[in-house]
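Undergrad: I have a structure here, written as structure tokens, and I will follow up with some questions on it.
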2 protein chains.
Amino acid sequence: MVNETQHTCSASSSSKSDGGSSSGSESSKDSSRCSTPVLDAERHERLREKMRRRQDSGDRWFSLEFFPPRTANAAVNLISRFDRMGAGGPLFIDVTWHPAGDPGSDKETSSMIIANTAVNYCGLETILHMTCCNQTKDDITGHLQKAKRLGLKNIMALRGDPAGEEWEEEVDGFNYAVDLVKHIRNEFDDYFDICVAGYPKGHPEAESYEADLKHLKEKVLAGADFIITQLFFRSETFIKFMKDCQAIGITCPIIPGIFPIQGYHSLRQLVKLSKLEVPQEIKDVIEPIKDNDAAIRNYGVELAVSMCRELLDSGMVHGLHFYTLNREVATTEVLKRLGLWKEDPRRPLPWAVSAHPKRRVEDVRPIFWASRPKSYIYRTQEWDDFPNGRWGNSSSPAFGELKDYYLFYLKSKSPREELLKMWGEELTCEESVFEVFTCYISGEPNKNGHKVTCMPWNDDPLATETNLLKEQLEKVNRRGILTINSQPNINGKPSTDPIVGWGPSGGYVFQKAYLEFFTSNEIVTALLKVLKKYESRVNYHIVNVKGQNITNAPDLQPNAVTWGIFPGREIIQPTVVDPVSFLSWKDEAFALWIEQWAKLYEEESPSRMIIQYIHDNYYLVNLVDNDFPLENCLWQVVDDTFELLN
Amino acid sequence: MVNETQHTCSASSSSKSDGGSSSGSESSKDSSRCSTPVLDAERHERLREKMRRRQDSGDRWFSLEFFPPRTANAAVNLISRFDRMGAGGPLFIDVTWHPAGDPGSDKETSSMIIANTAVNYCGLETILHMTCCNQTKDDITGHLQKAKRLGLKNIMALRGDPAGEEWEEEVDGFNYAVDLVKHIRNEFDDYFDICVAGYPKGHPEAESYEADLKHLKEKVLAGADFIITQLFFRSETFIKFMKDCQAIGITCPIIPGIFPIQGYHSLRQLVKLSKLEVPQEIKDVIEPIKDNDAAIRNYGVELAVSMCRELLDSGMVHGLHFYTLNREVATTEVLKRLGLWKEDPRRPLPWAVSAHPKRRVEDVRPIFWASRPKSYIYRTQEWDDFPNGRWGNSSSPAFGELKDYYLFYLKSKSPREELLKMWGEELTCEESVFEVFTCYISGEPNKNGHKVTCMPWNDDPLATETNLLKEQLEKVNRRGILTINSQPNINGKPSTDPIVGWGPSGGYVFQKAYLEFFTSNEIVTALLKVLKKYESRVNYHIVNVKGQNITNAPDLQPNAVTWGIFPGREIIQPTVVDPVSFLSWKDEAFALWIEQWAKLYEEESPSRMIIQYIHDNYYLVNLVDNDFPLENCLWQVVDDTFELLN
């Protein structure tokens, strides 16, 4: 670990090496220093700076284009895809603008809201497309203001397709993308990074290839920061285009748009829309296999990989932009073969960071929402200040109310029928609930043969880290300690540890053991007696749905349960058990019993009444073992409790 | 450690146990929570609350009275005495008001400035006496405003001795202490805690004992918070007085004033001033031994111990107030025999906390001033915000300028002749300077047979913690690595560790190894080559007097080098290596060569020129080994450097 390269900087700091003046008081006034620990420099950069940094360091990168879905269910799926493909490490994604789909509205399928979700809930750097023709200045300004309000920082400025054949230029209207670029710079100064489209074969409607290059230069001069190209089929096409751009003085980054052929029909449709011609050698291969989807896709992947290699080898290309058509397989395959897919990149913090610019200082959160980060982001979206370093300072803002259980990004990915199969078509007693929890932990099928792959509190399978505790968790769930969150204690593992590591390399990460569960009044009574023995070692919070609250936390102080020590940094403590926000989480945790589980069943049905009984009578408990260097004592606490009960 | 009692609180938190409402958003608005980690509850309490807490918990306590010194040298000594006697854990000290000594002035010997020093620089809870007769309302208000501005929070309100025989009551003037109490409450509301004097035998000028009790009650009704009594010679005197007070409805704390007899003459003088009568049985003992100081003091200690025991055993007394006459031995002896002297009480933080109310959130400081905490407090006294949790946020305020080398509390306790004996009457070469450093570390006498017990950067002998590194330090100083600050790496020792522990029990403390030294250009050149090998492990800052600054610290970020993990708390990181404030420290560290050392010698003398040469040409270096769980590599770095040089 000692020998790992550290991404710090004799380089960047040597630029400061003459900055020390002989007067200390002058130097200490230096306000260029950021007050946050900057674990991840990119988090504080705008997209064009990230691009430049990658280019300077020779790191190659990719980006992904998606279009907004048609239905709310498709939106839920697309967002899961963002999470999965986000894991590969794209520099950004972009979301196209569908004029027909009310793109600036609050609908869960609108371009605006999909881009908002990608930025805020998936933590992805995102470009929102925007077209300008057939729209009023006020409409456009309104869209841009809304985008800014939502935390979007990048716009792809496009003309869009004129509606109907009879389109004519409007005087003072938005006739071309360049008008939109100018408008954005006029109205929003340098707030947005602006991307524009380039056409390696020239825009189909342009008078000539040369005229189109001139239009492109106008867009750059008007304030565009970089260019993404239309798709093309031969690397020479792009390289020629790039050289031609450079020849007329276009110096900003130009990113080739890559379209891996994924099927015969999608290719035909795209070619028709973009008015491109498919080279004969490609047609020759595809036509004979046009009914064999797999064969075409394999060919498309081959073709894309070899074209991308040529582009990268040319030395002119640092990043590749993929037209995914909202599909995963082909693009992921191409990226993996190119070595650009960085599976499980290092986590800057143990939780998923939001990309909203307001949240860039955020570096501590309560542990409770660990499996529901999108809910946490949603419930804190109105906060003006996010905690930086210390939780206490920023926990005063109220949590948003719990009224939007059905917000699409909080919905389960699984349909009702599937949930019923997992959680029981019919519950007969509390123990049948225990079994569901146990199966979720163990990964074994339930008695009807269905695997339990999600729970109301966690829409994903068990985290790798939780697997470390699997055996004990299974044992306690079987006995009615219904766990919904936990972490093992960690006493100084390298920050590069594949399971529990986070932050820059060369550091050490620590955790206090944590266990959170629902359990019955009877067990809580015994537990409280046992906890007396552990008074100085274990902190606990025990609360029921009515808000009765038993705790030994001193003075409502938060307890840091995850922290990291890094070279040349202040301490980072990204996760706390916070007595105050636990009461906000409690509302959500209890509500999920009803909203996600009980409501699967008919009113008055025995199954529903069992869940309702648990909701009304169980307690939500959290335990922290403060002695992180010793063996986790929480299992002993639970064992002692059951021993007392017997 | 696990079984140690923790000063946390099912008790205090159970009072909150019904506080949880069913609406989380309501609870999260709860602003009763303090945003600081409250390692030490007393730090946030006012004196009367501390008294009440001690009384409720049955903890007995003591306090110490001092008078202001006559000369600046005596002031330096008195402040050292504050530090030494402060180590025994007094609940407060008080400083008497000497009308003849310009008590409210800025003179280093004034009552005001001595009390200011006790609070701000020695971190002692302090009561400033104030008398009111023969003073105008404006004078008094001015003194009180100044006291408040300096961070003083407690006033002992006294009448004082009328000047001359012809004194008469002034209409609307301050004739009695009660007038001063009323004035403080009128003008300063509840800001000050107010103490008044009680006379167990009645004030000598009162019409009667009963009339005097009535006056005392008036003072309490006017707003006094507690009473300290005049000295007395028999415990019965106090107990009767206490009962009489209670009988007329005085319910505030009454603290007996204890006067350990320390000599024949001081007793006679005091008795004359206070118009008290010494009981015959005491006279009978003292008269025969009046010329034997030691015998009288031993008797005085015996007498005080047995009287204090009687007072404490009565159950009516929780705290004892000592008239020290600015002497240490007798009072310390009495306190030790009573078991009230708590040698080396637990440190709430690894550095000496200031008692100024503005600084109560302060919980992180740069390591550089570790041996000069008074200088740090002085140079940051104008800061409005002190860092809480994160250093970066509060480091923008400028450090105060370095103009007051001669501020009396920054002066060496040792006179010039002694310093010359320690640091050399005559220096012949740089190596003779190396020897001084080496002797300071080793504790061995220098070649003239004098021990080196202080250095310009550290007026005290080596810290216990530094002793852990003694052998290596000695070795490197001998070779010209002139160390002025260091700490070993610590990987999770109990917070109760007698050497490196701090903070509440049940926690774990950590440190990164730190080394700070002056060294020559030649050594720095080799060192920089060696440091390349340790690039990812060791952070360094290297600066010369002109401010040339070489560092590998990322983005001017501070590096946490001392931190602690405690039950139910956020992480505390009290010490950082901060690149920005290092440049302020650099000015001070280099200036000390000249101000404290070079100036001991004649101008143009060889000795002075050697120190001047070092000042002009050496570098100040600090090194942090980030890999705190591994063996400290800094010694290896130094060894490698010398190997490269050879």
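A note on labels: chains of the structure tokens are A, B, ... as shown, every chain counts residues from 1, and ligands are counted from 1 in their shown order.
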Using DSSP assignments from the backbone, pull out every residue in region 81-219 of chain A that falls under strand (DSSP E or B) and give it to me as a list in words.

TA: Phe92, Ile93, Asp94, Val95, Thr126, Ile127, Leu128, His129, Met130, Thr131, Asn154, Ile155, Met156, Ala157, Leu158, Asp193, Ile194, Cys195, Val196, Ala197 and Gly198 of chain A

Undergrad: What's around region 561-567 of chain A at 8 Å? Count only C-alpha atoms, leave out sequence neighbours fewer than 3 positions away in its own chain, and write the answer as an MDAnalysis selection string.

TA: (chainID A and resid 495 503:514 570:577 624) or (chainID B and resid 536:539 559 626:627)

Undergrad: Any idea what's packed within 8 Å of region 133-143 of chain B, counting only C-alpha atoms, ignoring anything in its chain fewer than 5 positions away? Could you give it as JSON, numbers by chain?

TA: {"B": [104, 159, 160, 161, 162, 163, 173, 174, 175, 176, 187]}

Undergrad: Give me every alpha helix (DSSP H) residue in region 132-370 of chain B, going by DSSP on the backbone, as an MDAnalysis selection string.

TA: chainID B and resid 137:149 177:188 209:221 235:247 264:274 280:286 293:313 329:338

Undergrad: Within 12 Å of region 282-292 of chain B, counting only C-alpha atoms, which residues qualify if same-chain residues fewer than 4 places away don't, as a PyMOL selection string?

TA: chain B and resi 233-234+261-268+277-278+296-300+302-304

Undergrad: Store the residues of this selection in a file with C-alpha atoms, as a PDB file, in the first residue's frame.

TA:
```pdb
ATOM      1  CA  PHE B 233      -9.914  29.547  62.766  1.00  0.00           C
ATOM      2  CA  ARG B 234     -12.449  27.012  63.956  1.00  0.00           C
ATOM      3  CA  ILE B 261      -0.964  29.487  58.523  1.00  0.00           C
ATOM      4  CA  GLN B 262       2.373  29.796  56.702  1.00  0.00           C
ATOM      5  CA  GLY B 263       4.427  31.958  58.995  1.00  0.00           C
ATOM      6  CA  TYR B 264       4.318  34.059  62.090  1.00  0.00           C
ATOM      7  CA  HIS B 265       4.511  37.427  60.394  1.00  0.00           C
ATOM      8  CA  SER B 266       2.061  36.804  57.626  1.00  0.00           C
ATOM      9  CA  LEU B 267      -0.447  35.628  60.224  1.00  0.00           C
ATOM     10  CA  ARG B 268       0.011  38.745  62.325  1.00  0.00           C
ATOM     11  CA  GLU B 277      -8.777  37.487  66.775  1.00  0.00           C
ATOM     12  CA  VAL B 278      -6.530  34.447  66.795  1.00  0.00           C
ATOM     13  CA  ILE B 296       4.918  26.959  61.941  1.00  0.00           C
ATOM     14  CA  ARG B 297       4.107  25.883  58.411  1.00  0.00           C
ATOM     15  CA  ASN B 298       3.842  22.247  59.455  1.00  0.00           C
ATOM     16  CA  TYR B 299       1.522  23.238  62.252  1.00  0.00           C
ATOM     17  CA  GLY B 300      -0.495  25.426  59.847  1.00  0.00           C
ATOM     18  CA  GLU B 302      -1.998  20.188  60.307  1.00  0.00           C
ATOM     19  CA  LEU B 303      -4.476  22.727  61.559  1.00  0.00           C
ATOM     20  CA  ALA B 304      -5.902  23.424  58.102  1.00  0.00           C
TER      21      ALA B 304
END
```

Undergrad: Show which residues sit within 9 Å of Leu473 (chain B), as JSON, numbers by chain. Count only C-alpha atoms, and ignore same-chain residues fewer than 2 positions away.

TA: {"B": [438, 441, 442, 466, 469, 470, 471, 475, 476, 477, 478, 481, 482, 483, 486, 635]}

Undergrad: For region 68-105 of chain A versus region 115-131 of chain A, which residues have an atom no more than 6 Å away, and what is each residue's nearest atom pair and distance in Å rounded to one decimal, using only C-alpha atoms, chain-then-number order, as CSV?

TA:
```
residue,atom,partner,partner_atom,distance
A:Phe92,CA,A:Glu125,CA,4.6
A:Ile93,CA,A:Thr126,CA,4.9
A:Asp94,CA,A:Ile127,CA,4.4
A:Val95,CA,A:Leu128,CA,5.2
A:Thr96,CA,A:His129,CA,4.9
A:Trp97,CA,A:His129,CA,5.1
```

Undergrad: Those residues with all heavy atoms, as a PDB file, in the first residue's frame please?

TA:
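Final file, again_31.pdb:
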```pdb
ATOM      1  N   PHE A  92     -19.588  11.063 -18.404  1.00  0.00           N
ATOM      2  CA  PHE A  92     -20.921  11.668 -18.290  1.00  0.00           C
ATOM      3  C   PHE A  92     -21.917  10.809 -19.053  1.00  0.00           C
ATOM      4  O   PHE A  92     -21.526   9.899 -19.784  1.00  0.00           O
ATOM      5  CB  PHE A  92     -20.930  13.106 -18.831  1.00  0.00           C
ATOM      6  CG  PHE A  92     -20.621  13.247 -20.295  1.00  0.00           C
ATOM      7  CD1 PHE A  92     -21.629  13.147 -21.272  1.00  0.00           C
ATOM      8  CD2 PHE A  92     -19.320  13.466 -20.727  1.00  0.00           C
ATOM      9  CE1 PHE A  92     -21.330  13.269 -22.625  1.00  0.00           C
ATOM     10  CE2 PHE A  92     -19.017  13.593 -22.090  1.00  0.00           C
ATOM     11  CZ  PHE A  92     -20.035  13.489 -23.038  1.00  0.00           C
ATOM     12  N   ILE A  93     -23.188  11.081 -18.830  1.00  0.00           N
ATOM     13  CA  ILE A  93     -24.211  10.522 -19.706  1.00  0.00           C
ATOM     14  C   ILE A  93     -24.962  11.716 -20.287  1.00  0.00           C
ATOM     15  O   ILE A  93     -24.835  12.839 -19.800  1.00  0.00           O
ATOM     16  CB  ILE A  93     -25.197   9.583 -18.970  1.00  0.00           C
ATOM     17  CG1 ILE A  93     -26.095  10.385 -18.012  1.00  0.00           C
ATOM     18  CG2 ILE A  93     -24.464   8.478 -18.229  1.00  0.00           C
ATOM     19  CD1 ILE A  93     -27.418   9.685 -17.737  1.00  0.00           C
ATOM     20  N   ASP A  94     -25.715  11.482 -21.349  1.00  0.00           N
ATOM     21  CA  ASP A  94     -26.583  12.556 -21.812  1.00  0.00           C
ATOM     22  C   ASP A  94     -27.969  12.015 -22.090  1.00  0.00           C
ATOM     23  O   ASP A  94     -28.167  10.822 -22.343  1.00  0.00           O
ATOM     24  CB  ASP A  94     -25.999  13.322 -23.001  1.00  0.00           C
ATOM     25  CG  ASP A  94     -25.747  12.455 -24.210  1.00  0.00           C
ATOM     26  OD1 ASP A  94     -25.510  11.234 -24.030  1.00  0.00           O
ATOM     27  OD2 ASP A  94     -25.767  12.988 -25.342  1.00  0.00           O
ATOM     28  N   VAL A  95     -28.939  12.885 -21.977  1.00  0.00           N
ATOM     29  CA  VAL A  95     -30.344  12.510 -22.127  1.00  0.00           C
ATOM     30  C   VAL A  95     -30.918  13.359 -23.246  1.00  0.00           C
ATOM     31  O   VAL A  95     -30.834  14.596 -23.194  1.00  0.00           O
ATOM     32  CB  VAL A  95     -31.118  12.748 -20.816  1.00  0.00           C
ATOM     33  CG1 VAL A  95     -32.593  12.410 -21.003  1.00  0.00           C
ATOM     34  CG2 VAL A  95     -30.515  11.949 -19.678  1.00  0.00           C
ATOM     35  N   THR A  96     -31.489  12.700 -24.248  1.00  0.00           N
ATOM     36  CA  THR A  96     -31.982  13.454 -25.407  1.00  0.00           C
ATOM     37  C   THR A  96     -33.278  14.173 -25.060  1.00  0.00           C
ATOM     38  O   THR A  96     -33.934  13.880 -24.054  1.00  0.00           O
ATOM     39  CB  THR A  96     -32.181  12.529 -26.614  1.00  0.00           C
ATOM     40  OG1 THR A  96     -33.144  11.534 -26.269  1.00  0.00           O
ATOM     41  CG2 THR A  96     -30.864  11.859 -26.995  1.00  0.00           C
ATOM     42  N   TRP A  97     -33.617  15.125 -25.895  1.00  0.00           N
ATOM     43  CA  TRP A  97     -34.762  16.030 -25.689  1.00  0.00           C
ATOM     44  C   TRP A  97     -35.850  15.589 -26.649  1.00  0.00           C
ATOM     45  O   TRP A  97     -35.638  15.607 -27.857  1.00  0.00           O
ATOM     46  CB  TRP A  97     -34.294  17.448 -25.998  1.00  0.00           C
ATOM     47  CG  TRP A  97     -35.242  18.560 -25.719  1.00  0.00           C
ATOM     48  CD1 TRP A  97     -35.991  19.247 -26.633  1.00  0.00           C
ATOM     49  CD2 TRP A  97     -35.511  19.177 -24.460  1.00  0.00           C
ATOM     50  NE1 TRP A  97     -36.701  20.244 -26.022  1.00  0.00           N
ATOM     51  CE2 TRP A  97     -36.433  20.216 -24.674  1.00  0.00           C
ATOM     52  CE3 TRP A  97     -35.080  18.938 -23.151  1.00  0.00           C
ATOM     53  CZ2 TRP A  97     -36.920  21.032 -23.646  1.00  0.00           C
ATOM     54  CZ3 TRP A  97     -35.563  19.736 -22.143  1.00  0.00           C
ATOM     55  CH2 TRP A  97     -36.472  20.763 -22.380  1.00  0.00           C
TER      56      TRP A  97
END
```

Undergrad: Using only C-alpha atoms, find the one residue out of A:Pro445, A:Pro415, A:Pro387, A:Pro456 that sits nearest to chain B.

TA: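 Of the candidates, the smallest distance to chain B is held by A:Pro387.
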
Undergrad: Let me make sure I understand: among B:Val305, B:Leu528, B:Ala177, B:Ala352, which one has the smallest atom-to-atom distance to chain A if we use only C-alpha atoms?

TA: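 Under the stated criterion, the closest residue is B:Leu528.
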
Undergrad: Tell me which protein, DNA and RNA residues are within 9 Å of Ile254 (chain B), counting only C-alpha atoms, leaving out same-chain ones fewer than 5 positions away, and put them as JSON, numbers by chain.

TA: {"B": [198, 226, 227, 228, 229, 242, 317, 319]}

Undergrad: Looking at only C-alpha atoms, which of A:Trp457, A:Tyr601, A:Phe399, A:Tyr613 is the one that sits closest to chain B?

TA: A:Phe399
